[in-house]
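**Student:** My structure is in coords_17.txt, and what it holds is compact mmCIF, C-alpha atoms:
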```txt
# COMPACT_ATOMS: atom_id res chain seq x y z
CA MET A 195 -15.91 -10.09 -0.55
CA ALA A 196 -19.32 -10.83 0.92
CA TRP A 197 -17.85 -10.65 4.42
CA VAL A 198 -16.23 -7.30 3.65
CA TRP A 199 -19.42 -5.64 2.37
CA SER A 200 -21.46 -6.90 5.30
CA ASN A 201 -18.93 -5.60 7.85
CA LEU A 202 -17.85 -2.26 6.37
CA GLU A 203 -19.05 -0.28 9.39
CA GLN A 204 -17.07 -2.48 11.78
CA ILE A 205 -13.95 -2.28 9.60
CA TRP A 206 -14.18 1.53 9.39
CA GLY A 207 -14.58 1.81 13.15
CA LEU A 208 -11.47 -0.33 13.69
CA VAL A 209 -9.54 1.76 11.17
CA LEU A 210 -10.36 4.94 13.11
CA SER A 211 -9.43 3.27 16.41
CA HIS A 212 -6.15 2.10 14.90
CA ILE A 213 -5.29 5.58 13.66
CA ALA A 214 -6.22 7.13 17.02
CA LEU A 215 -3.82 4.76 18.77
CA SER A 216 -1.03 5.25 16.21
CA VAL A 217 -0.75 9.03 15.96
CA PRO A 218 0.05 10.02 19.59
CA PRO A 219 3.08 7.70 19.99
CA ILE A 220 4.55 8.98 16.71
CA ILE A 221 4.23 12.59 17.88
CA VAL A 222 5.49 11.83 21.40
CA GLY A 223 8.43 9.84 20.05
CA PHE A 224 9.45 12.71 17.78
CA VAL A 225 9.08 15.46 20.38
CA LEU A 226 10.92 13.63 23.18
CA SER A 227 13.71 12.40 20.92
CA ILE A 228 14.74 15.92 19.87
CA PRO A 229 16.27 17.06 23.21
CA LEU A 230 17.55 13.55 23.95
CA GLY A 231 19.13 13.19 20.52
CA TYR A 232 20.68 16.63 20.72
CA TRP A 233 22.16 15.81 24.11
CA ALA A 234 23.50 12.53 22.73
CA SER A 235 25.09 14.35 19.79
CA ARG A 236 26.97 16.71 22.13
CA SER A 237 28.25 14.13 24.63
CA ARG A 238 29.84 10.74 23.99
CA LEU A 239 28.81 9.52 27.42
CA ALA A 240 25.21 10.64 26.93
CA ARG A 241 25.13 9.00 23.48
CA SER A 242 26.42 5.72 24.84
CA VAL A 243 23.96 5.68 27.76
CA LEU A 244 20.89 6.87 25.84
CA LEU A 245 21.38 4.58 22.86
CA SER A 246 22.04 1.62 25.14
CA ILE A 247 18.84 2.34 27.10
CA GLY A 248 16.94 2.76 23.84
CA GLY A 249 18.23 -0.57 22.56
CA VAL A 250 17.20 -2.34 25.76
CA LEU A 251 13.74 -0.77 25.76
CA TYR A 252 13.10 -1.81 22.17
CA THR A 253 13.91 -5.44 22.97
CA ILE A 254 11.11 -5.64 25.57
CA PRO A 255 8.36 -7.89 24.13
CA SER A 256 5.37 -5.71 23.23
CA LEU A 257 2.80 -8.01 24.82
CA ALA A 258 4.73 -8.13 28.10
CA LEU A 259 5.04 -4.33 28.10
CA LEU A 260 1.30 -3.92 27.56
CA VAL A 261 0.65 -6.09 30.59
CA VAL A 262 3.15 -4.23 32.78
CA VAL A 263 2.15 -0.67 31.79
CA PRO A 264 -1.23 -0.72 33.63
CA VAL A 265 0.61 -1.69 36.80
CA ILE A 266 3.00 1.23 36.36
CA LEU A 267 0.35 3.79 35.45
CA GLY A 268 -2.40 2.44 37.68
CA THR A 269 -4.82 2.32 34.74
CA ALA A 270 -7.33 -0.33 33.71
CA ILE A 271 -5.78 -3.08 31.62
CA LEU A 272 -8.14 -2.30 28.72
CA ALA A 273 -7.42 1.45 28.73
CA PRO A 274 -6.23 2.65 25.29
CA SER A 275 -3.71 4.89 27.06
CA ASN A 276 -1.71 1.75 27.86
CA VAL A 277 -1.07 1.15 24.17
CA VAL A 278 -0.20 4.80 23.60
CA PHE A 279 2.27 4.78 26.51
CA ALA A 280 3.90 1.50 25.49
CA LEU A 281 4.27 2.47 21.84
CA SER A 282 5.63 5.88 22.84
CA ILE A 283 8.44 4.05 24.63
CA TYR A 284 9.23 2.11 21.45
CA ALA A 285 8.99 5.28 19.36
CA VAL A 286 11.47 7.13 21.56
CA ALA A 287 13.76 4.09 21.61
CA ILE A 288 13.92 4.09 17.81
CA MET A 289 13.87 7.83 17.23
CA VAL A 290 16.55 8.84 19.73
CA ARG A 291 19.23 7.14 17.61
CA SER A 292 18.03 8.86 14.45
CA SER A 293 17.87 12.16 16.30
CA ALA A 294 21.41 11.75 17.63
CA ASP A 295 22.69 10.91 14.14
CA ALA A 296 20.77 13.86 12.69
CA PHE A 297 22.34 16.45 14.97
CA SER A 298 25.75 14.79 14.70
CA SER A 299 25.55 15.24 10.93
CA VAL A 300 25.59 19.02 11.34
CA SER A 301 29.15 20.20 10.79
CA ASP A 302 31.03 21.87 13.64
CA ASP A 303 32.13 24.51 11.12
CA VAL A 304 28.48 25.41 10.54
CA ARG A 305 27.86 25.71 14.27
CA GLU A 306 30.93 27.89 14.74
CA SER A 307 29.94 30.09 11.80
CA ALA A 308 26.46 30.59 13.25
CA THR A 309 27.96 31.53 16.61
CA ALA A 310 30.40 33.90 14.92
CA VAL A 311 27.62 35.88 13.23
CA GLY A 312 25.88 36.40 16.57
CA TYR A 313 23.43 33.55 17.01
CA SER A 314 22.68 32.59 20.59
CA THR A 315 22.58 28.89 21.50
CA TRP A 316 18.80 28.72 21.07
CA GLN A 317 18.84 30.76 17.87
CA ARG A 318 21.54 28.53 16.44
CA PHE A 319 19.54 25.42 17.32
CA PHE A 320 16.24 26.52 15.78
CA ALA A 321 17.61 28.47 12.80
CA VAL A 322 20.59 26.31 11.86
CA GLU A 323 21.00 22.92 13.53
CA PHE A 324 17.38 21.77 13.61
CA PRO A 325 16.69 22.59 9.92
CA LEU A 326 19.94 20.96 8.77
CA ALA A 327 19.17 17.86 10.83
CA GLY A 328 15.69 17.76 9.28
CA PRO A 329 16.32 15.19 6.50
CA VAL A 330 17.72 12.59 8.90
CA LEU A 331 14.98 13.32 11.43
CA LEU A 332 12.40 12.83 8.69
CA ALA A 333 13.88 9.47 7.74
CA GLY A 334 13.76 8.41 11.38
CA ILE A 335 10.15 9.46 11.99
CA ARG A 336 9.08 7.58 8.86
CA VAL A 337 10.56 4.40 10.32
CA VAL A 338 8.84 5.10 13.64
CA SER A 339 5.54 5.64 11.85
CA VAL A 340 5.59 2.28 10.06
CA SER A 341 6.72 0.47 13.21
CA THR A 342 4.03 2.07 15.36
CA VAL A 343 1.19 1.33 12.94
CA SER A 344 2.27 -2.30 12.91
CA LEU A 345 2.68 -2.65 16.68
CA VAL A 346 -0.77 -1.21 17.47
CA THR A 347 -2.26 -4.54 16.37
CA VAL A 348 -0.69 -6.30 19.38
CA GLY A 349 -3.11 -4.49 21.70
CA SER A 350 -5.99 -6.59 20.39
CA VAL A 351 -4.52 -9.64 22.11
CA ILE A 352 -5.42 -8.12 25.50
CA GLY A 353 -8.72 -6.69 24.26
CA ILE A 354 -7.86 -3.17 23.09
CA SER A 355 -9.78 -2.39 19.91
CA SER A 356 -7.76 -1.96 16.71
CA LEU A 357 -7.34 -3.62 13.34
CA GLY A 358 -5.64 -6.42 15.24
CA ASN A 359 -9.17 -7.51 16.19
CA LEU A 360 -9.62 -8.68 12.62
CA PHE A 361 -6.60 -10.97 13.02
CA THR A 362 -7.67 -12.55 16.28
CA ASP A 363 -11.33 -12.86 15.28
CA GLY A 364 -10.45 -14.15 11.83
CA ILE A 365 -8.22 -16.84 13.30
CA ASN A 366 -10.73 -17.86 15.98
CA ARG A 367 -13.62 -18.07 13.49
CA ASN A 368 -11.53 -19.32 10.56
CA ILE A 369 -12.44 -16.42 8.26
CA PRO A 370 -9.42 -15.79 5.97
CA ALA A 371 -11.10 -12.74 4.40
CA GLU A 372 -11.17 -11.02 7.79
CA ILE A 373 -7.45 -11.59 8.30
CA ILE A 374 -6.61 -10.37 4.80
CA VAL A 375 -8.70 -7.22 5.27
CA GLY A 376 -6.86 -6.50 8.51
CA ILE A 377 -3.47 -6.88 6.85
CA VAL A 378 -4.45 -4.71 3.88
CA CYS A 379 -5.86 -1.97 6.13
CA VAL A 380 -2.72 -1.88 8.28
CA LEU A 381 -0.53 -1.66 5.17
CA LEU A 382 -2.69 1.13 3.74
CA ILE A 383 -2.55 3.16 6.95
CA ALA A 384 1.24 2.73 7.12
CA ALA A 385 1.58 3.77 3.47
CA ILE A 386 -0.69 6.81 3.90
CA PHE A 387 1.18 7.93 7.02
CA ASP A 388 4.47 7.56 5.15
CA LEU A 389 3.18 9.58 2.19
CA ILE A 390 1.95 12.32 4.53
CA LEU A 391 5.31 12.52 6.28
CA ALA A 392 7.15 12.52 2.96
CA GLY A 393 4.87 15.32 1.75
CA VAL A 394 5.45 17.35 4.91
CA GLY A 395 9.18 16.80 4.45
CA ARG A 396 9.05 18.07 0.86
CA LEU A 397 7.12 21.12 2.02
CA LEU A 398 9.26 22.00 5.04
CA LEU A 399 12.65 20.84 3.72
CA PRO A 400 12.91 22.18 0.14
CA TRP A 401 16.71 22.07 0.33
CA ASN A 402 16.51 18.31 0.88
CA ARG A 403 14.46 17.97 -2.30
CA SER A 404 17.02 20.00 -4.23
CA ALA A 405 19.87 17.91 -2.84
CA ALA A 406 18.08 14.73 -3.82
CA SER A 407 17.53 16.07 -7.36
CA LEU A 408 21.22 16.93 -7.67
CA THR A 409 22.16 13.45 -6.43
CA ARG A 410 19.91 11.78 -9.00
CA ALA A 411 21.30 14.00 -11.76
CA ALA A 412 24.86 13.10 -10.74
CA GLU A 413 23.97 9.42 -10.76
CA ARG A 414 22.47 9.70 -14.25
CA ALA A 415 25.53 11.58 -15.50
CA SER A 416 27.80 8.94 -13.98
CA THR A 417 25.83 6.21 -15.72
CA LEU A 418 26.08 7.96 -19.07
CA VAL A 419 29.83 8.39 -18.65
CA THR A 420 30.21 4.72 -17.76
CA GLN A 421 28.25 3.69 -20.85
```
Write out the structure in this file as structure tokens.

**Tutor:**
Amino acid sequence: MAWVWSNLEQIWGLVLSHIALSVPPIIVGFVLSIPLGYWASRSRLARSVLLSIGGVLYTIPSLALLVVVPVILGTAILAPSNVVFALSIYAVAIMVRSSADAFSSVSDDVRESATAVGYSTWQRFFAVEFPLAGPVLLAGIRVVSVSTVSLVTVGSVIGISSLGNLFTDGINRNIPAEIIVGIVCVLLIAAIFDLILAGVGRLLLPWNRSAASLTRAAERASTLVTQ
């Protein structure tokens, strides 16, 4: 604990750096995956190609990608934008599958009904398909959030400041407390992000909350009947 109290300012600075590197890829992954996932849900060929590309991209070792990105972008190897760009690739790779599944879960009957009452393609998307796909999209972005917060730590290996610095420094100087603090901070950030996303989901998707309540009630009733 003595190490923690004497390095609180450093820890807080790394926490802020970690959050700053984590948020943009999560947002970029979500935004880019929406049109890609929708396209994949409407075309078997597009789904096959996009999901295959996403699977390949996600298998690229993170450290190797961080080394290659500066060459592609022409940025300095220690530029934080390299981490943001690399993690955005991973975020899209994960999220595009969830997005495709989300839009595929919307019934064709619902789409046809919306068209029949006069919705244009764009109106149908924003007023019907996107809201109904919301619960699956939310589940996907929560996975992306946890994955991104974890992967940010890899940047410290090449010198980009984040909570990963506590891992590398703790190992080099043999300070277990430093490593433990790094792990706890990463877990806390991931948990807080997840709670925020869950809260936003409850606020924006009230029908999902009602459906979940009905499901739990049905499960309890089923249990009582079985007993």

**Student:** Please provide the set of residues having any atom within 9 Å of Pro218 (chain A), restricted to only C-alpha atoms, with same-chain residues fewer than 2 positions apart removed, written as a ChimeraX atom specification.

**Tutor:** /A:214-216,220-223,278-279,281-282

**Student:** Show me, as JSON lines, the residues of region 210-239 of chain A having an atom within 12 Å of region 327-337 of chain A, each with the closest atom pair and its distance in Å, using only C-alpha atoms.

**Tutor:**
```
{"residue": "A:Val217", "atom": "CA", "partner": "A:Ile335", "partner_atom": "CA", "distance": 11.6}
{"residue": "A:Pro219", "atom": "CA", "partner": "A:Ile335", "partner_atom": "CA", "distance": 10.8}
{"residue": "A:Ile220", "atom": "CA", "partner": "A:Ile335", "partner_atom": "CA", "distance": 7.3}
{"residue": "A:Ile221", "atom": "CA", "partner": "A:Ile335", "partner_atom": "CA", "distance": 8.9}
{"residue": "A:Val222", "atom": "CA", "partner": "A:Ile335", "partner_atom": "CA", "distance": 10.8}
{"residue": "A:Gly223", "atom": "CA", "partner": "A:Ile335", "partner_atom": "CA", "distance": 8.3}
{"residue": "A:Phe224", "atom": "CA", "partner": "A:Ile335", "partner_atom": "CA", "distance": 6.7}
{"residue": "A:Val225", "atom": "CA", "partner": "A:Ile335", "partner_atom": "CA", "distance": 10.4}
{"residue": "A:Leu226", "atom": "CA", "partner": "A:Ile335", "partner_atom": "CA", "distance": 12.0}
{"residue": "A:Ser227", "atom": "CA", "partner": "A:Leu331", "partner_atom": "CA", "distance": 9.6}
{"residue": "A:Ile228", "atom": "CA", "partner": "A:Leu331", "partner_atom": "CA", "distance": 8.8}
{"residue": "A:Gly231", "atom": "CA", "partner": "A:Leu331", "partner_atom": "CA", "distance": 10.0}
{"residue": "A:Tyr232", "atom": "CA", "partner": "A:Ala327", "partner_atom": "CA", "distance": 10.1}
{"residue": "A:Ser235", "atom": "CA", "partner": "A:Ala327", "partner_atom": "CA", "distance": 11.3}
```

**Student:** Which value, in Å to one decimal, gives the distance between CA of Ala270 (chain A) and CA of Val348 (chain A)?

**Tutor:**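 Taking CA of Ala270 (chain A) and CA of Val348 (chain A), their separation equals 16.9 Å.
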
**Student:** Select, from A:Val277, A:Val265, A:Ala294, A:Ile373, the residue with the minimum atom-to-atom distance to Gly248 (chain A), counting all atoms listed in the file.

**Tutor:**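 Ranked by minimum distance to Gly248 (chain A), first place goes to A:Ala294.
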
**Student:** Rank A:Leu399, A:Val375, A:Ile383, A:Val300 by their smallest atom-to-atom distance to Val322 (chain A), using all atoms listed in the file, and report the top residue only.

**Tutor:** A:Val300

**Student:** For Gly349 (chain A), please output as a list in words all residues within 8 Å (counting only C-alpha atoms; exclusion window: fewer than 3 positions along the same chain).

**Tutor:**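 In the requested form, the answer reads Leu257, Leu260, Val277, Leu345, Val346, Ile352, Gly353, Ile354, Ser355, Ser356 and Gly358 of chain A.
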
**Student:** Counting only C-alpha atoms, figure out which residue out of A:Leu391, A:Ala258, A:Ser211, A:Asn368 gets nearest to Val351 (chain A).

**Tutor:**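 The answer is A:Ala258, which sits nearest to Val351 (chain A).
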
**Student:** Distance CA of Val250 (chain A)-CA of Arg291 (chain A), one decimal place?

**Tutor:**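 Pair CA of Val250 (chain A) / CA of Arg291 (chain A) returns 12.7 Å.
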
**Student:** Find the spatial neighbours of Asp302 (chain A), counting only C-alpha atoms, within a cut-off of 12 Å - ignore same-chain residues fewer than 4 positions away - and output them as an mmCIF file with C-alpha atoms, in the frame of the given file.

**Tutor:**
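Writing the result to result_16.cif gives the following:
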```cif
data_model
loop_
_atom_site.group_PDB
_atom_site.id
_atom_site.type_symbol
_atom_site.label_atom_id
_atom_site.label_comp_id
_atom_site.auth_asym_id
_atom_site.auth_seq_id
_atom_site.Cartn_x
_atom_site.Cartn_y
_atom_site.Cartn_z
ATOM 1 C CA SER A 235 25.090 14.350 19.790
ATOM 2 C CA ARG A 236 26.970 16.710 22.130
ATOM 3 C CA PHE A 297 22.340 16.450 14.970
ATOM 4 C CA SER A 298 25.750 14.790 14.700
ATOM 5 C CA GLU A 306 30.930 27.890 14.740
ATOM 6 C CA SER A 307 29.940 30.090 11.800
ATOM 7 C CA ALA A 308 26.460 30.590 13.250
ATOM 8 C CA THR A 309 27.960 31.530 16.610
ATOM 9 C CA ARG A 318 21.540 28.530 16.440
ATOM 10 C CA VAL A 322 20.590 26.310 11.860
ATOM 11 C CA GLU A 323 21.000 22.920 13.530
#
```

**Student:** Work out how far apart CA of Ser292 (chain A) and CA of Val338 (chain A) are and give it in Å to one decimal.

**Tutor:** 10.0 Å

**Student:** Build an axis-aligned box that encloses every atom of region 368-376 of chain A listed in the file, pad it by 5 Å on each side, and report its centre and edge lengths in Å to one decimal, as JSON.

**Tutor:**
```
{"center_x": -9.5, "center_y": -12.9, "center_z": 7.5, "size_x": 15.8, "size_y": 22.8, "size_z": 16.2}
```

**Student:** Counting all atoms listed in the file, which residue out of A:Leu259, A:Ala310, A:Ala384, A:Val304 sits closest to Val340 (chain A)?

**Tutor:** A:Ala384

**Student:** From the coordinates supplied, region 320-357 of chain A should be written with N, CA and C atoms, as a tab-separated table (two decimals), in the first residue's frame.

**Tutor:**
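Output below, filename result09.tsv:
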```
chain	number	residue	atom	x	y	z
A	320	PHE	N	-34.34	3.81	-39.37
A	320	PHE	CA	-34.16	4.55	-38.13
A	320	PHE	C	-35.31	4.36	-37.15
A	321	ALA	N	-36.53	4.18	-37.66
A	321	ALA	CA	-37.69	4.09	-36.77
A	321	ALA	C	-38.05	2.66	-36.38
A	322	VAL	N	-37.61	1.69	-37.19
A	322	VAL	CA	-38.03	0.31	-36.94
A	322	VAL	C	-36.83	-0.63	-36.75
A	323	GLU	N	-36.01	-0.75	-37.79
A	323	GLU	CA	-34.95	-1.77	-37.75
A	323	GLU	C	-33.87	-1.48	-36.71
A	324	PHE	N	-33.39	-0.23	-36.69
A	324	PHE	CA	-32.33	0.12	-35.76
A	324	PHE	C	-32.76	-0.04	-34.30
A	325	PRO	N	-33.95	0.44	-33.90
A	325	PRO	CA	-34.39	0.24	-32.52
A	325	PRO	C	-34.56	-1.24	-32.16
A	326	LEU	N	-35.14	-2.02	-33.08
A	326	LEU	CA	-35.35	-3.44	-32.78
A	326	LEU	C	-34.04	-4.21	-32.71
A	327	ALA	N	-33.04	-3.75	-33.45
A	327	ALA	CA	-31.72	-4.39	-33.41
A	327	ALA	C	-30.93	-3.94	-32.18
A	328	GLY	N	-31.43	-2.93	-31.47
A	328	GLY	CA	-30.71	-2.33	-30.36
A	328	GLY	C	-30.20	-3.29	-29.29
A	329	PRO	N	-31.01	-4.23	-28.79
A	329	PRO	CA	-30.52	-5.13	-27.74
A	329	PRO	C	-29.30	-5.94	-28.15
A	330	VAL	N	-29.29	-6.45	-29.37
A	330	VAL	CA	-28.14	-7.24	-29.83
A	330	VAL	C	-26.94	-6.33	-30.07
A	331	LEU	N	-27.18	-5.13	-30.59
A	331	LEU	CA	-26.10	-4.17	-30.77
A	331	LEU	C	-25.48	-3.80	-29.43
A	332	LEU	N	-26.33	-3.62	-28.43
A	332	LEU	CA	-25.83	-3.29	-27.09
A	332	LEU	C	-24.95	-4.40	-26.54
A	333	ALA	N	-25.39	-5.64	-26.71
A	333	ALA	CA	-24.58	-6.77	-26.24
A	333	ALA	C	-23.22	-6.79	-26.94
A	334	GLY	N	-23.22	-6.49	-28.23
A	334	GLY	CA	-21.97	-6.48	-28.98
A	334	GLY	C	-21.03	-5.38	-28.54
A	335	ILE	N	-21.55	-4.18	-28.33
A	335	ILE	CA	-20.69	-3.05	-27.95
A	335	ILE	C	-20.14	-3.24	-26.54
A	336	ARG	N	-20.85	-3.97	-25.71
A	336	ARG	CA	-20.33	-4.26	-24.36
A	336	ARG	C	-19.13	-5.20	-24.45
A	337	VAL	N	-19.19	-6.14	-25.36
A	337	VAL	CA	-18.04	-7.04	-25.57
A	337	VAL	C	-16.85	-6.24	-26.12
A	338	VAL	N	-17.13	-5.37	-27.08
A	338	VAL	CA	-16.08	-4.53	-27.67
A	338	VAL	C	-15.44	-3.65	-26.60
A	339	SER	N	-16.25	-3.11	-25.72
A	339	SER	CA	-15.75	-2.24	-24.66
A	339	SER	C	-14.74	-2.95	-23.76
A	340	VAL	N	-15.10	-4.12	-23.29
A	340	VAL	CA	-14.21	-4.88	-22.40
A	340	VAL	C	-12.93	-5.27	-23.14
A	341	SER	N	-13.07	-5.71	-24.38
A	341	SER	CA	-11.91	-6.11	-25.17
A	341	SER	C	-10.97	-4.94	-25.41
A	342	THR	N	-11.53	-3.78	-25.73
A	342	THR	CA	-10.71	-2.60	-26.02
A	342	THR	C	-9.95	-2.13	-24.79
A	343	VAL	N	-10.62	-2.06	-23.66
A	343	VAL	CA	-9.97	-1.63	-22.42
A	343	VAL	C	-8.80	-2.55	-22.08
A	344	SER	N	-8.97	-3.82	-22.34
A	344	SER	CA	-7.89	-4.77	-22.08
A	344	SER	C	-6.72	-4.60	-23.05
A	345	LEU	N	-7.03	-4.43	-24.34
A	345	LEU	CA	-5.98	-4.37	-25.35
A	345	LEU	C	-5.17	-3.08	-25.31
A	346	VAL	N	-5.71	-2.02	-24.73
A	346	VAL	CA	-4.97	-0.76	-24.65
A	346	VAL	C	-3.63	-0.96	-23.93
A	347	THR	N	-3.59	-1.89	-22.99
A	347	THR	CA	-2.37	-2.11	-22.21
A	347	THR	C	-1.19	-2.54	-23.07
A	348	VAL	N	-1.47	-3.15	-24.23
A	348	VAL	CA	-0.39	-3.64	-25.10
A	348	VAL	C	0.47	-2.49	-25.60
A	349	GLY	N	-0.13	-1.31	-25.75
A	349	GLY	CA	0.61	-0.16	-26.26
A	349	GLY	C	1.81	0.21	-25.42
A	350	SER	N	1.78	-0.12	-24.14
A	350	SER	CA	2.89	0.24	-23.25
A	350	SER	C	4.18	-0.49	-23.64
A	351	VAL	N	4.04	-1.61	-24.30
A	351	VAL	CA	5.22	-2.38	-24.71
A	351	VAL	C	6.09	-1.57	-25.68
A	352	ILE	N	5.45	-0.74	-26.50
A	352	ILE	CA	6.22	0.08	-27.46
A	352	ILE	C	6.34	1.52	-26.97
A	353	GLY	N	5.95	1.77	-25.71
A	353	GLY	CA	6.18	3.08	-25.12
A	353	GLY	C	5.02	4.04	-25.09
A	354	ILE	N	3.81	3.59	-25.43
A	354	ILE	CA	2.64	4.46	-25.39
A	354	ILE	C	2.02	4.39	-24.01
A	355	SER	N	1.86	5.51	-23.36
A	355	SER	CA	1.45	5.58	-21.96
A	355	SER	C	0.03	5.08	-21.74
A	356	SER	N	-0.11	4.13	-20.81
A	356	SER	CA	-1.41	3.61	-20.38
A	356	SER	C	-1.18	2.85	-19.09
A	357	LEU	N	-2.21	2.21	-18.59
A	357	LEU	CA	-2.05	1.41	-17.38
A	357	LEU	C	-1.12	0.22	-17.59
```
